[in-house]
file my_file.tsv (TSV, C-alpha atoms)
chain	number	residue	atom	x	y	z
W	47	MET	CA	-35.47	195.38	87.07
W	48	LEU	CA	-32.23	193.64	86.09
W	49	LYS	CA	-29.22	195.24	87.72
W	50	ALA	CA	-26.14	196.10	85.67
W	51	GLY	CA	-24.00	193.68	87.69
W	52	HIS	CA	-26.43	190.84	87.10
W	53	ALA	CA	-26.42	191.64	83.37
W	54	VAL	CA	-22.61	191.52	83.31
W	55	ALA	CA	-22.63	188.09	84.97
W	56	LEU	CA	-25.36	186.71	82.68
W	57	LEU	CA	-23.69	188.01	79.52
W	58	THR	CA	-20.37	186.51	80.64
W	59	ILE	CA	-22.03	183.12	81.08
W	60	CYS	CA	-23.79	183.45	77.71
W	61	LEU	CA	-20.51	184.19	75.94
W	62	LEU	CA	-18.87	181.21	77.66
W	63	VAL	CA	-21.70	178.95	76.49
W	64	ILE	CA	-21.27	180.29	72.95
W	65	GLY	CA	-17.55	179.62	73.30
W	66	VAL	CA	-18.15	175.97	74.24
W	67	LEU	CA	-20.63	175.63	71.37
W	68	MET	CA	-18.35	177.19	68.75
W	69	VAL	CA	-15.19	175.36	69.83
W	70	ASN	CA	-17.02	172.03	69.54
W	71	SER	CA	-18.64	173.04	66.26
W	72	THR	CA	-15.28	174.10	64.85
W	73	GLU	CA	-13.70	170.81	65.91
W	74	LEU	CA	-16.45	168.77	64.23
W	75	ARG	CA	-15.00	166.52	61.53
W	76	VAL	CA	-17.55	164.36	59.74
W	77	GLY	CA	-16.35	160.80	59.18
W	78	LEU	CA	-13.27	161.04	61.37
W	79	GLU	CA	-13.93	159.08	64.53
W	80	THR	CA	-10.99	160.56	66.40
W	81	THR	CA	-12.38	164.08	66.03
W	82	GLN	CA	-16.12	163.47	66.09
W	83	VAL	CA	-18.16	165.61	68.46
W	84	THR	CA	-20.41	163.59	70.78
W	85	HIS	CA	-22.69	164.48	73.67
W	86	GLN	CA	-19.96	163.36	76.03
W	87	SER	CA	-17.30	165.54	74.37
W	88	VAL	CA	-19.64	168.57	74.41
W	89	PHE	CA	-20.79	168.32	78.03
W	90	PHE	CA	-17.70	166.75	79.61
W	91	GLY	CA	-14.89	167.77	77.27
W	92	PRO	CA	-12.14	170.31	78.09
W	93	PRO	CA	-14.11	173.36	76.82
W	94	ALA	CA	-17.10	172.51	79.05
W	95	ILE	CA	-14.84	171.88	82.05
W	96	HIS	CA	-12.98	175.16	81.49
W	97	ALA	CA	-16.28	177.04	81.11
W	98	THR	CA	-17.56	175.50	84.37
W	99	LEU	CA	-14.41	176.58	86.17
W	100	ALA	CA	-14.74	180.05	84.65
W	101	ILE	CA	-18.33	180.33	85.90
W	102	GLY	CA	-17.08	179.27	89.33
W	103	ALA	CA	-14.42	181.99	89.23
W	104	LEU	CA	-17.06	184.50	88.14
W	105	THR	CA	-19.28	183.53	91.08
W	106	ILE	CA	-16.45	183.82	93.60
W	107	ALA	CA	-15.46	187.26	92.29
W	108	CYS	CA	-19.07	188.50	92.41
W	109	PHE	CA	-19.25	187.88	96.16
W	110	LEU	CA	-15.79	189.13	97.15
W	111	PRO	CA	-15.72	191.95	99.72
W	112	ILE	CA	-14.09	194.12	97.11
W	113	SER	CA	-14.02	197.33	99.17
W	114	ARG	CA	-12.25	195.58	102.04
W	115	LEU	CA	-9.68	193.99	99.73
W	116	ALA	CA	-9.14	197.13	97.67
W	117	GLY	CA	-8.88	199.22	100.83
W	118	LEU	CA	-5.91	197.31	102.23
W	119	SER	CA	-2.59	199.15	102.05
W	120	GLY	CA	1.11	198.54	102.56
W	121	TRP	CA	2.35	194.98	102.20
W	122	MET	CA	-1.24	193.69	102.47
W	123	ALA	CA	-2.47	195.50	99.35
W	124	PRO	CA	-3.50	192.86	96.76
W	125	ALA	CA	-2.64	194.86	93.62
W	126	PRO	CA	1.18	194.76	94.08
W	127	TRP	CA	1.01	191.06	94.97
W	128	LEU	CA	-1.03	190.37	91.85
W	129	LEU	CA	1.51	192.21	89.71
W	130	GLY	CA	4.36	190.33	91.37
W	131	LEU	CA	2.66	187.01	90.60
W	132	GLY	CA	2.22	188.07	86.97
W	133	ILE	CA	5.89	189.02	86.63
W	134	LEU	CA	6.97	185.75	88.26
W	135	LEU	CA	4.88	183.71	85.84
W	136	LEU	CA	6.13	185.77	82.91
W	137	LEU	CA	9.77	185.11	83.80
W	138	SER	CA	9.01	181.45	84.54
W	139	ALA	CA	8.38	180.88	80.83
W	140	TRP	CA	12.17	180.81	80.34
W	141	LEU	CA	12.89	178.49	83.28
W	142	PRO	CA	13.94	174.92	82.36
W	143	GLY	CA	11.38	172.38	83.47
W	144	VAL	CA	8.66	175.02	83.89
W	145	GLY	CA	8.56	176.98	80.64
W	146	ARG	CA	7.17	175.34	77.53
W	147	ALA	CA	8.10	176.42	74.01
W	148	MET	CA	5.44	176.19	71.32
W	149	ASN	CA	5.86	177.31	67.72
W	150	ASN	CA	9.38	178.51	68.57
W	151	SER	CA	7.99	180.82	71.25
W	152	HIS	CA	8.44	180.66	75.04
W	153	ARG	CA	4.95	181.80	75.99
W	154	TRP	CA	3.78	178.91	78.11
W	155	VAL	CA	4.25	177.75	81.70
W	156	GLU	CA	3.37	174.35	83.16
W	157	PHE	CA	2.78	173.60	86.85
W	158	ALA	CA	1.51	170.23	88.10
W	159	GLY	CA	0.35	169.30	84.62
W	160	ILE	CA	-1.58	172.56	84.16
W	161	GLN	CA	-0.38	174.54	81.16
W	162	PHE	CA	-1.24	178.18	80.49
W	163	GLN	CA	0.08	181.26	78.73
W	164	ALA	CA	2.47	183.17	80.99
W	165	SER	CA	1.26	186.63	79.95
W	166	GLU	CA	-2.41	185.94	80.80
W	167	THR	CA	-2.07	186.92	84.47
W	168	ILE	CA	-0.08	190.08	83.87
W	169	LYS	CA	-2.50	191.11	81.14
W	170	TRP	CA	-4.98	191.81	83.93
W	171	ALA	CA	-2.56	192.55	86.76
W	172	LEU	CA	-0.62	195.45	85.25
W	173	PRO	CA	-3.62	197.69	84.39
W	174	VAL	CA	-5.12	197.03	87.84
W	175	PHE	CA	-1.79	197.89	89.47
W	176	VAL	CA	-1.59	201.12	87.44
W	177	ALA	CA	-5.10	202.00	88.66
W	178	TRP	CA	-4.04	201.31	92.26
W	179	LEU	CA	-0.80	203.29	91.94
W	180	ALA	CA	-2.48	206.27	90.28
W	181	THR	CA	-4.93	206.65	93.19
W	182	ARG	CA	-2.30	206.79	95.94
W	183	ARG	CA	-2.34	210.13	97.72
W	184	SER	CA	1.45	210.26	97.53
W	185	ILE	CA	1.40	210.19	93.70
W	186	ASP	CA	0.16	213.03	91.51
W	187	VAL	CA	-0.20	211.67	87.97
W	188	THR	CA	-0.81	215.17	86.61
W	189	ARG	CA	2.89	215.83	87.19
W	190	PHE	CA	5.44	214.31	84.85
W	191	MET	CA	8.74	213.39	86.51
W	192	LYS	CA	7.28	212.59	89.93
W	193	GLY	CA	3.95	211.29	88.72
W	194	SER	CA	3.18	209.71	85.37
W	195	PHE	CA	6.72	209.16	84.06
W	196	PRO	CA	7.81	206.47	86.59
W	197	ILE	CA	4.54	204.60	85.94
W	198	LEU	CA	5.08	204.80	82.18
W	199	VAL	CA	8.62	203.44	82.61
W	200	LEU	CA	7.22	200.49	84.58
W	201	ILE	CA	4.66	199.85	81.81
W	202	ALA	CA	7.40	200.02	79.17
W	203	LEU	CA	9.69	197.60	81.01
W	204	ILE	CA	7.00	194.98	81.61
W	205	CYS	CA	5.45	195.25	78.16
W	206	GLY	CA	8.92	195.15	76.60
W	207	THR	CA	9.49	191.84	78.37
W	208	ILE	CA	6.16	190.52	77.08
W	209	ALA	CA	6.97	191.71	73.55
W	210	VAL	CA	10.02	189.44	73.34
W	211	GLU	CA	7.67	186.49	72.81
W	212	ASP	CA	4.18	187.98	72.39
W	213	LEU	CA	4.00	191.38	70.69
W	214	GLY	CA	0.21	191.35	70.34
W	215	THR	CA	-0.39	190.96	74.09
W	216	ALA	CA	2.31	193.56	74.82
W	217	VAL	CA	0.52	196.12	72.62
W	218	LEU	CA	-2.79	195.29	74.31
W	219	VAL	CA	-1.43	195.59	77.86
W	220	ALA	CA	0.50	198.79	77.08
W	221	SER	CA	-2.58	200.37	75.47
W	222	VAL	CA	-4.89	199.51	78.36
W	223	SER	CA	-2.42	200.56	81.06
W	224	THR	CA	-1.73	203.89	79.37
W	225	LEU	CA	-5.43	204.63	78.89
W	226	VAL	CA	-6.04	203.84	82.58
W	227	LEU	CA	-3.32	206.34	83.45
W	228	VAL	CA	-5.00	208.96	81.25
W	229	ALA	CA	-8.35	208.24	82.93
W	230	ALA	CA	-6.63	208.77	86.29
W	231	GLY	CA	-5.66	212.30	85.25
W	232	ALA	CA	-2.32	212.03	83.44
W	233	ARG	CA	-1.82	214.81	80.92
W	234	ILE	CA	-2.11	213.78	77.30
W	235	LEU	CA	0.64	216.25	76.34
W	236	HIS	CA	3.12	214.28	78.47
W	237	LEU	CA	2.17	211.09	76.63
W	238	ILE	CA	2.47	212.77	73.23
W	239	LEU	CA	6.04	213.77	74.10
W	240	LEU	CA	6.87	210.10	74.71
W	241	LEU	CA	4.94	208.81	71.69
W	242	PRO	CA	8.00	208.78	69.35
W	243	PHE	CA	9.86	206.54	71.80
W	244	ALA	CA	6.88	204.16	72.01
W	245	LEU	CA	6.58	203.99	68.23
W	246	GLY	CA	10.33	203.46	67.94
W	247	GLY	CA	10.15	200.56	70.37
W	248	LEU	CA	7.26	199.03	68.43
W	249	VAL	CA	9.13	199.31	65.13
W	250	ALA	CA	12.24	197.79	66.72
W	251	ALA	CA	10.21	194.87	68.11
W	252	ILE	CA	8.88	194.20	64.60
W	253	VAL	CA	12.16	194.58	62.74
W	254	VAL	CA	14.16	192.21	64.96
W	255	GLU	CA	11.83	189.31	64.11
W	256	PRO	CA	11.56	188.39	60.40
W	257	TYR	CA	8.17	186.73	60.84
W	258	ARG	CA	6.75	189.99	62.23
W	259	VAL	CA	8.08	191.90	59.24
W	260	GLN	CA	6.45	189.32	56.99
W	261	ARG	CA	3.14	189.82	58.78
W	262	VAL	CA	3.26	193.53	57.96
W	263	PHE	CA	3.88	192.79	54.26
W	264	THR	CA	1.12	190.18	54.31
W	265	TYR	CA	-1.24	192.73	55.83
W	266	LEU	CA	-0.46	195.17	53.02
W	267	ASP	CA	-1.02	192.53	50.33
W	268	PRO	CA	-2.03	189.03	51.45
W	269	TYR	CA	-2.31	187.87	47.85
W	270	GLN	CA	1.39	188.35	47.11
W	271	ASP	CA	1.98	184.89	48.61
W	272	PRO	CA	-1.45	183.20	48.71
W	273	GLU	CA	-0.03	179.71	49.29
W	274	GLY	CA	2.37	180.84	52.01
W	275	SER	CA	2.24	183.82	54.35
W	276	GLY	CA	-1.13	185.01	53.05
W	277	TRP	CA	-2.83	181.62	53.37
W	278	HIS	CA	-4.53	182.08	56.75
W	279	ILE	CA	-5.91	185.54	56.22
W	280	ILE	CA	-7.22	184.57	52.77
W	281	GLN	CA	-8.98	181.54	54.29
W	282	SER	CA	-10.41	183.88	56.90
W	283	PHE	CA	-11.77	186.12	54.13
W	284	LYS	CA	-13.35	183.08	52.46
W	285	ALA	CA	-14.98	181.98	55.71
W	286	ILE	CA	-16.45	185.42	56.39
W	287	SER	CA	-17.75	185.89	52.85
W	288	GLY	CA	-19.01	182.30	52.60
W	289	GLY	CA	-21.31	182.61	55.59
W	290	GLY	CA	-23.61	185.18	54.04
W	291	LEU	CA	-26.41	186.55	56.18
W	292	LEU	CA	-27.52	183.40	58.03
W	293	GLY	CA	-24.46	181.15	57.73
W	294	ARG	CA	-23.91	177.57	56.63
W	295	GLY	CA	-25.07	176.13	59.95
W	296	LEU	CA	-23.27	174.79	63.03
W	297	GLY	CA	-20.56	172.30	62.10
W	298	ALA	CA	-21.00	172.99	58.38
W	299	GLY	CA	-18.13	175.42	57.99
W	300	GLU	CA	-15.60	174.51	55.31
W	301	GLN	CA	-12.66	176.84	55.94
W	302	LYS	CA	-11.94	175.29	59.34
W	303	PHE	CA	-10.16	172.53	57.44
W	304	ASP	CA	-7.66	175.10	56.15
W	305	LEU	CA	-7.28	177.35	59.22
W	306	VAL	CA	-4.73	176.09	61.74
W	307	SER	CA	-5.89	178.45	64.51
W	308	ASP	CA	-9.59	177.89	63.85
W	309	THR	CA	-10.55	177.45	67.52
W	310	THR	CA	-8.33	180.26	68.83
W	311	ASP	CA	-7.18	183.30	66.85
W	312	PHE	CA	-9.58	182.81	63.90
W	313	ILE	CA	-12.69	181.49	65.61
W	314	PHE	CA	-14.56	184.69	64.71
W	315	SER	CA	-14.09	183.76	61.05
W	316	ILE	CA	-15.75	180.40	61.69
W	317	ILE	CA	-18.56	182.17	63.57
W	318	CYS	CA	-19.16	184.34	60.51
W	319	GLU	CA	-19.17	181.27	58.24
W	320	GLU	CA	-21.41	179.04	60.36
W	321	LEU	CA	-23.70	181.62	61.98
W	322	GLY	CA	-23.55	184.25	59.27
W	323	LEU	CA	-23.45	188.02	59.54
W	324	LEU	CA	-26.48	187.95	61.83
W	325	GLY	CA	-24.84	185.56	64.32
W	326	ALA	CA	-21.58	187.51	64.31
W	327	ALA	CA	-23.49	190.76	64.86
W	328	LEU	CA	-25.37	189.27	67.80
W	329	ILE	CA	-22.11	188.16	69.44
W	330	ALA	CA	-20.53	191.57	68.85
W	331	SER	CA	-23.67	193.15	70.33
W	332	ALA	CA	-23.33	190.96	73.43
W	333	PHE	CA	-19.84	192.38	73.98
W	334	LEU	CA	-21.14	195.92	73.50
W	335	VAL	CA	-24.00	195.46	75.97
W	336	LEU	CA	-21.61	193.92	78.49
W	337	LEU	CA	-19.30	196.93	78.16
W	338	PHE	CA	-22.24	199.33	78.47
W	339	CYS	CA	-23.44	197.62	81.67
W	340	GLY	CA	-19.92	197.72	83.08
W	341	LEU	CA	-19.61	201.43	82.33
W	342	SER	CA	-22.92	202.10	84.10
W	343	ILE	CA	-21.41	200.51	87.21
W	344	MET	CA	-18.33	202.71	86.88
W	345	ASN	CA	-20.53	205.82	86.62
W	346	ASP	CA	-22.39	205.02	89.85
W	347	ARG	CA	-22.18	208.20	91.91
W	348	ARG	CA	-22.48	206.24	95.14
W	349	LEU	CA	-18.81	205.31	94.72
W	350	ASP	CA	-17.94	208.98	95.36
W	351	SER	CA	-18.90	208.43	99.00
W	352	CYS	CA	-16.43	205.60	99.58
W	353	PRO	CA	-14.21	206.32	102.58
W	354	PRO	CA	-10.44	206.50	101.97
W	355	ASP	CA	-8.57	203.24	102.26
W	356	SER	CA	-6.28	202.44	105.17
W	357	GLY	CA	-3.35	203.96	103.33
W	358	GLY	CA	-5.11	207.22	102.55
W	359	GLY	CA	-5.82	206.37	98.92
W	360	ASP	CA	-9.01	207.25	97.09
W	361	LEU	CA	-10.96	203.99	97.29
W	362	GLY	CA	-13.84	205.11	95.10
W	363	SER	CA	-11.51	206.26	92.31
W	364	PHE	CA	-9.56	203.01	92.49
W	365	LEU	CA	-12.70	200.89	92.17
W	366	ARG	CA	-13.76	202.95	89.15
W	367	LEU	CA	-10.34	202.73	87.50
W	368	MET	CA	-10.06	199.01	88.22
W	369	GLY	CA	-13.42	198.41	86.56
W	370	PHE	CA	-12.36	200.62	83.66
W	371	ALA	CA	-9.17	198.57	83.26
W	372	VAL	CA	-11.17	195.32	83.17
W	373	LEU	CA	-13.58	196.68	80.55
W	374	LEU	CA	-10.77	198.09	78.42
W	375	THR	CA	-8.88	194.81	78.47
W	376	LEU	CA	-11.97	192.87	77.42
W	377	GLY	CA	-13.10	195.41	74.81
W	378	LEU	CA	-9.76	196.05	73.14
W	379	GLN	CA	-8.93	192.34	73.02
W	380	ALA	CA	-12.25	191.62	71.30
W	381	VAL	CA	-11.73	194.49	68.85
W	382	PHE	CA	-8.15	193.43	68.06
W	383	ASN	CA	-9.27	189.87	67.35
W	384	MET	CA	-12.10	190.96	65.05
W	385	LEU	CA	-9.83	193.40	63.22
W	386	VAL	CA	-7.25	190.66	62.66
W	387	THR	CA	-9.75	188.17	61.27
W	388	THR	CA	-11.14	190.80	58.89
W	389	GLY	CA	-7.68	191.86	57.73
W	390	LEU	CA	-7.88	195.41	59.08
W	391	ILE	CA	-4.71	195.08	61.17
W	392	PRO	CA	-1.70	192.74	60.88
W	393	THR	CA	-2.08	189.25	62.31
W	394	LYS	CA	-1.51	189.00	66.08
W	395	GLY	CA	-1.87	186.06	68.43
W	396	ILE	CA	-4.85	187.51	70.30
W	397	ALA	CA	-7.87	185.36	71.13
W	398	LEU	CA	-11.52	186.40	71.19
W	399	PRO	CA	-12.24	186.65	74.94
W	400	LEU	CA	-14.60	184.06	76.44
W	401	ILE	CA	-15.08	182.39	73.02
W	402	SER	CA	-11.71	181.33	71.61
W	403	ARG	CA	-10.57	178.02	73.07
W	404	GLY	CA	-8.75	178.59	76.32
W	405	GLY	CA	-8.58	177.42	79.91
W	406	THR	CA	-6.68	180.02	81.93
W	407	GLY	CA	-7.89	182.78	79.62
W	408	TRP	CA	-11.55	181.96	80.22
W	409	ILE	CA	-11.10	181.59	83.97
W	410	LEU	CA	-9.17	184.85	84.47
W	411	THR	CA	-11.45	186.83	82.18
W	412	ALA	CA	-14.56	185.59	84.00
W	413	PHE	CA	-12.98	186.28	87.40
W	414	PHE	CA	-12.09	189.89	86.62
W	415	LEU	CA	-15.48	190.53	85.03
W	416	GLY	CA	-16.98	189.21	88.26
W	417	LEU	CA	-15.36	192.12	90.09
W	418	LEU	CA	-17.81	194.49	88.39
W	419	PRO	CA	-20.89	193.09	90.19
W	420	ALA	CA	-18.81	193.12	93.38
W	421	ILE	CA	-18.17	196.84	92.89
W	422	GLU	CA	-21.90	197.39	92.38
W	423	ARG	CA	-22.60	195.53	95.63
W	424	SER	CA	-20.17	197.81	97.43
W	425	ALA	CA	-21.99	200.89	96.13
W	426	GLU	CA	-25.33	199.45	97.25
W	427	ALA	CA	-23.94	198.65	100.70
W	428	LEU	CA	-22.63	202.20	100.97
W	429	GLN	CA	-26.07	203.59	100.12
W	430	HIS	CA	-27.66	201.31	102.72
W	431	ASP	CA	-25.23	202.47	105.40
W	432	THR	CA	-25.88	206.09	104.48
W	433	ARG	CA	-29.60	205.58	105.08
W	434	GLU	CA	-28.85	203.86	108.38
W	435	ASP	CA	-26.64	206.74	109.60
W	436	PRO	CA	-27.33	209.89	107.55
W	437	SER	CA	-25.83	212.17	110.19
W	438	GLY	CA	-22.19	211.21	109.81
W	439	PRO	CA	-19.59	209.71	107.49
W	440	GLU	CA	-19.39	205.98	107.13
W	441	SER	CA	-16.37	204.12	108.40
W	442	ALA	CA	-14.62	201.52	106.32
W	443	SER	CA	-15.60	198.82	108.79
W	444	THR	CA	-19.31	199.77	108.55
W	445	LEU	CA	-19.14	199.67	104.78
W	446	GLU	CA	-17.54	196.27	104.73
W	447	ALA	CA	-20.05	194.90	107.22
W	448	GLY	CA	-22.74	195.75	104.67
W	449	VAL	CA	-20.78	194.26	101.79
W	450	SER	CA	-19.98	191.04	103.58
call {"tool": "encode", "arguments": {"input": "my_file.tsv", "output": "structure tokens"}}
result
Amino acid sequence: MLKAGHAVALLTICLLVIGVLMVNSTELRVGLETTQVTHQSVFFGPPAIHATLAIGALTIACFLPISRLAGLSGWMAPAPWLLGLGILLLLSAWLPGVGRAMNNSHRWVEFAGIQFQASETIKWALPVFVAWLATRRSIDVTRFMKGSFPILVLIALICGTIAVEDLGTAVLVASVSTLVLVAAGARILHLILLLPFALGGLVAAIVVEPYRVQRVFTYLDPYQDPEGSGWHIIQSFKAISGGGLLGRGLGAGEQKFDLVSDTTDFIFSIICEELGLLGAALIASAFLVLLFCGLSIMNDRRLDSCPPDSGGGDLGSFLRLMGFAVLLTLGLQAVFNMLVTTGLIPTKGIALPLISRGGTGWILTAFFLGLLPAIERSAEALQHDTREDPSGPESASTLEAGVS
């Protein structure tokens, strides 16, 4: 019987393969030698290389001793270090010689010739850090001033910094981090009391940038300026409707000639055009099955028997919340992208995970999804140790001996 962790890994690889296929299909230009897709470009081009690296990251994450790493406390705890790295990269986008501006936006960082979006790391790091913080014995998230409020302030400060250049990612990260806090036990009433301030901040972030205001008006009526601000979403509508049930076929899409972000933000439109409604439904189903398998890992009751970490935190709860944060980030990002391409929410610069063209995005997404099978392995090791010594509680070192 296929284990849930194995299914997560296989589905991640399948989505990466589909991503390589669709990026190359979208880039196909008949009769233009400089953009022709060849066997060499498919198997040895940047998308294939990035997918290979992502599969490598997935494999490494699957075999990490996740209980040992998650159980470290104090200055050795990985979650605060991961958040610190994310903040450092985020601020580096404004540093001369390191930050790279594209489309009048400082979203990119370049080190040693490697260029990536600065917010990609913190997109995963902040929700994981919130999960870690919420499971510390010294913090009671059911209380407001000494529990959930300081965490919400941290979320607001970091997401406010992201929103300066990338409002879509800021909304995604804030949503995931807040939902993780709710899952940890924070009272919804406390969040409702702060909701007006959150909405006020969102409105302010939109109003201060004219192009964001224009996106809202375009969302309300894209046909008011069909040759200008409404152009992309109208082309997306044409691509989706033109694909029909079975699609035009790989490489035969027509709207990719008119969509600037055809391999990134609007690749789902090209999927609908070339693979049809059936192909798009199959890809959406793959995401749903992946999420379902991940949730089954989170619901594993064997995690309840995890010993406390070295700092007295609830290790089992942290592993659950960390997995929940990973699944939420993947799921909400996919939903946001599909809603944008179908015109159900205003346009945001959010890619379809594991499919839209991306290097760092693919690698980080695959790595964090690989933590789910690692969590399942920890639960299995715990069950094995319980059978070996049913008379007493397991120590952290015994558990990790089984995991490693």
call {"tool": "residues_near_point", "arguments": {"input": "my_file.tsv", "point": "(-19.3, 168.5, 82.3)", "cutoff": "9 Å", "atoms": "only C-alpha atoms", "output": "list in words"}}
result
Gln86, Ser87, Val88, Phe89, Phe90, Gly91, Pro92, Pro93, Ala94, Ile95 and Thr98 of chain W
call {"tool": "atom_distance", "arguments": {"input": "my_file.tsv", "atom1": "atom CA of Leu341 of chain W", "atom2": "atom CA of Ile106 of chain W"}}
result
21.1 Å
call {"tool": "closest_atom_pairs", "arguments": {"input": "my_file.tsv", "of": "segment 337-403 of chain W", "to": "segment 67-71 of chain W", "cutoff": "9 Å", "atoms": "only C-alpha atoms", "output": "JSON lines"}}
result
{"residue": "W:Ile401", "atom": "CA", "partner": "W:Met68", "partner_atom": "CA", "distance": 7.5}
{"residue": "W:Ser402", "atom": "CA", "partner": "W:Val69", "partner_atom": "CA", "distance": 7.1}
{"residue": "W:Arg403", "atom": "CA", "partner": "W:Val69", "partner_atom": "CA", "distance": 6.2}
call {"tool": "residues_around", "arguments": {"input": "my_file.tsv", "residues": "Ala371 of chain W", "least_positions_apart": "2", "cutoff": "7 Å", "atoms": "only C-alpha atoms", "output": "VMD selection string"}}
result
chain W and resid 173 to 174 222 226 367 to 369 373 to 375
call {"tool": "atom_distance", "arguments": {"input": "my_file.tsv", "atom1": "atom CA of Met122 of chain W", "atom2": "atom CA of Ser165 of chain W"}}
result
23.7 Å
call {"tool": "residues_around", "arguments": {"input": "my_file.tsv", "residues": "Val144 of chain W", "least_positions_apart": "5", "cutoff": "9 Å", "atoms": "all atoms listed in the file", "output": "PyMOL selection string"}}
result
chain W and resi 138-139+154-157
call {"tool": "atom_distance", "arguments": {"input": "my_file.tsv", "atom1": "atom CA of Leu218 of chain W", "atom2": "atom CA of Gly247 of chain W"}}
result
14.5 Å
call {"tool": "residues_around", "arguments": {"input": "my_file.tsv", "residues": "Asp360 of chain W", "least_positions_apart": "6", "cutoff": "12 Å", "atoms": "only C-alpha atoms", "output": "PDB file with C-alpha atoms, in the frame of the given file"}}
result
ATOM      1  CA  SER W 113     -14.020 197.330  99.170  1.00  0.00           C
ATOM      2  CA  ALA W 116      -9.140 197.130  97.670  1.00  0.00           C
ATOM      3  CA  GLY W 117      -8.880 199.220 100.830  1.00  0.00           C
ATOM      4  CA  LEU W 118      -5.910 197.310 102.230  1.00  0.00           C
ATOM      5  CA  SER W 119      -2.590 199.150 102.050  1.00  0.00           C
ATOM      6  CA  ALA W 177      -5.100 202.000  88.660  1.00  0.00           C
ATOM      7  CA  TRP W 178      -4.040 201.310  92.260  1.00  0.00           C
ATOM      8  CA  LEU W 179      -0.800 203.290  91.940  1.00  0.00           C
ATOM      9  CA  ALA W 180      -2.480 206.270  90.280  1.00  0.00           C
ATOM     10  CA  THR W 181      -4.930 206.650  93.190  1.00  0.00           C
ATOM     11  CA  ARG W 182      -2.300 206.790  95.940  1.00  0.00           C
ATOM     12  CA  ARG W 183      -2.340 210.130  97.720  1.00  0.00           C
ATOM     13  CA  SER W 184       1.450 210.260  97.530  1.00  0.00           C
ATOM     14  CA  ILE W 185       1.400 210.190  93.700  1.00  0.00           C
ATOM     15  CA  ALA W 230      -6.630 208.770  86.290  1.00  0.00           C
ATOM     16  CA  LEU W 349     -18.810 205.310  94.720  1.00  0.00           C
ATOM     17  CA  ASP W 350     -17.940 208.980  95.360  1.00  0.00           C
ATOM     18  CA  SER W 351     -18.900 208.430  99.000  1.00  0.00           C
ATOM     19  CA  CYS W 352     -16.430 205.600  99.580  1.00  0.00           C
ATOM     20  CA  PRO W 353     -14.210 206.320 102.580  1.00  0.00           C
ATOM     21  CA  PRO W 354     -10.440 206.500 101.970  1.00  0.00           C
ATOM     22  CA  ARG W 366     -13.760 202.950  89.150  1.00  0.00           C
ATOM     23  CA  LEU W 367     -10.340 202.730  87.500  1.00  0.00           C
TER      24      LEU W 367
END
call {"tool": "closest_residue", "arguments": {"input": "my_file.tsv", "among": "W:Ile59, W:Ala125, W:Ile343, W:Ala216", "to": "Arg423 of chain W", "atoms": "all atoms listed in the file"}}
result
W:Ile343
call {"tool": "closest_residue", "arguments": {"input": "my_file.tsv", "among": "W:Leu213, W:Met384, W:Ala232, W:Leu336", "to": "Leu418 of chain W", "atoms": "all atoms listed in the file"}}
result
W:Leu336
call {"tool": "residues_around", "arguments": {"input": "my_file.tsv", "residues": "Thr411 of chain W", "least_positions_apart": "3", "cutoff": "9 Å", "atoms": "all atoms listed in the file", "output": "NGL selection string"}}
result
:W and (100 or 104 or 170 or 372 or 376 or 399-400 or 406-408 or 414-416)
call {"tool": "residues_around", "arguments": {"input": "my_file.tsv", "residues": "Ala327 of chain W", "least_positions_apart": "5", "cutoff": "9 Å", "atoms": "all atoms listed in the file", "output": "list in words"}}
result
Cys318, Gly322 and Ala332 of chain W
call {"tool": "build_atoms", "arguments": {"input": "my_file.tsv", "residues": "segment 275-283 of chain W", "atoms": "N, CA and C atoms", "output": "JSON list (two decimals), keeping the file's coordinate frame"}}
result
[["chain", "number", "residue", "atom", "x", "y", "z"],
["W", 275, "SER", "N", 2.53, 182.91, 53.24],
["W", 275, "SER", "CA", 2.24, 183.82, 54.35],
["W", 275, "SER", "C", 0.82, 184.37, 54.32],
["W", 276, "GLY", "N", 0.22, 184.46, 53.14],
["W", 276, "GLY", "CA", -1.13, 185.01, 53.05],
["W", 276, "GLY", "C", -2.23, 183.98, 53.19],
["W", 277, "TRP", "N", -1.86, 182.71, 53.38],
["W", 277, "TRP", "CA", -2.83, 181.62, 53.37],
["W", 277, "TRP", "C", -3.93, 181.81, 54.42],
["W", 278, "HIS", "N", -3.55, 182.04, 55.68],
["W", 278, "HIS", "CA", -4.53, 182.08, 56.75],
["W", 278, "HIS", "C", -5.51, 183.23, 56.61],
["W", 279, "ILE", "N", -5.01, 184.41, 56.31],
["W", 279, "ILE", "CA", -5.91, 185.54, 56.22],
["W", 279, "ILE", "C", -6.84, 185.41, 55.01],
["W", 280, "ILE", "N", -6.36, 184.80, 53.94],
["W", 280, "ILE", "CA", -7.22, 184.57, 52.77],
["W", 280, "ILE", "C", -8.32, 183.56, 53.12],
["W", 281, "GLN", "N", -7.96, 182.50, 53.85],
["W", 281, "GLN", "CA", -8.98, 181.54, 54.29],
["W", 281, "GLN", "C", -9.99, 182.20, 55.22],
["W", 282, "SER", "N", -9.52, 183.14, 56.02],
["W", 282, "SER", "CA", -10.41, 183.88, 56.90],
["W", 282, "SER", "C", -11.40, 184.71, 56.08],
["W", 283, "PHE", "N", -10.90, 185.36, 55.02],
["W", 283, "PHE", "CA", -11.77, 186.12, 54.13],
["W", 283, "PHE", "C", -12.84, 185.21, 53.51]]
